[in-house]
Amino acid sequence: MSTGDKIKHKAEEVKGAVKEKFGDATDNESMQAEGAAERRAAQAKQAGDHLADAGRNARDAVTGHDHNHDHNHDHHHNH
């Protein structure tokens, strides 16, 4: 999962929460419900992001790969 997707999903959650609170403050039940649904959908996407990260981390731990390591690093030593 890309960082951009994670940011997008968090922004969707915040947008839904704001819409939900605005709907509550203005007694607009449909806006409140729509905001709540958007917030929950974004939270589900974030849960998927976390599961993907956890799976990738588990795989990396088993295989010894480190995706945070600079893959362009020259591993050859000059003798």
# chains A, B, ... in the order shown; residues from 1 in each chain; ligands from 1

call {"tool": "residues_around", "arguments": {"residues": "Glu12 of chain A", "least_positions_apart": "4", "cutoff": "8 Å", "atoms": "only C-alpha atoms", "output": "ChimeraX atom specification"}}
result
/A:8,16,38-39,42

call {"tool": "residues_around", "arguments": {"residues": "Arg40 of chain A", "least_positions_apart": "6", "cutoff": "12 Å", "atoms": "only C-alpha atoms", "output": "list of chain:residue names"}}
result
A:His9, A:Lys10, A:Glu12, A:Glu13, A:Val14, A:Lys15, A:Gly16, A:Ala17, A:Glu20, A:Ala33, A:Glu34, A:Gln46, A:Ala47

call {"tool": "select_by_dssp", "arguments": {"residues": "chain A", "states": "helix (DSSP H, G or I)", "output": "PyMOL selection string"}}
result
chain A and resi 3-25+29-63

call {"tool": "atom_distance", "arguments": {"atom1": "atom CA of Ala44 of chain A", "atom2": "atom CA of His65 of chain A"}}
result
27.9 Å

call {"tool": "residues_around", "arguments": {"residues": "His50 of chain A", "least_positions_apart": "6", "cutoff": "12 Å", "atoms": "only C-alpha atoms", "output": "JSON, numbers by chain"}}
result
{"A": [1, 2, 3, 5, 6, 9, 43, 44, 56, 57]}
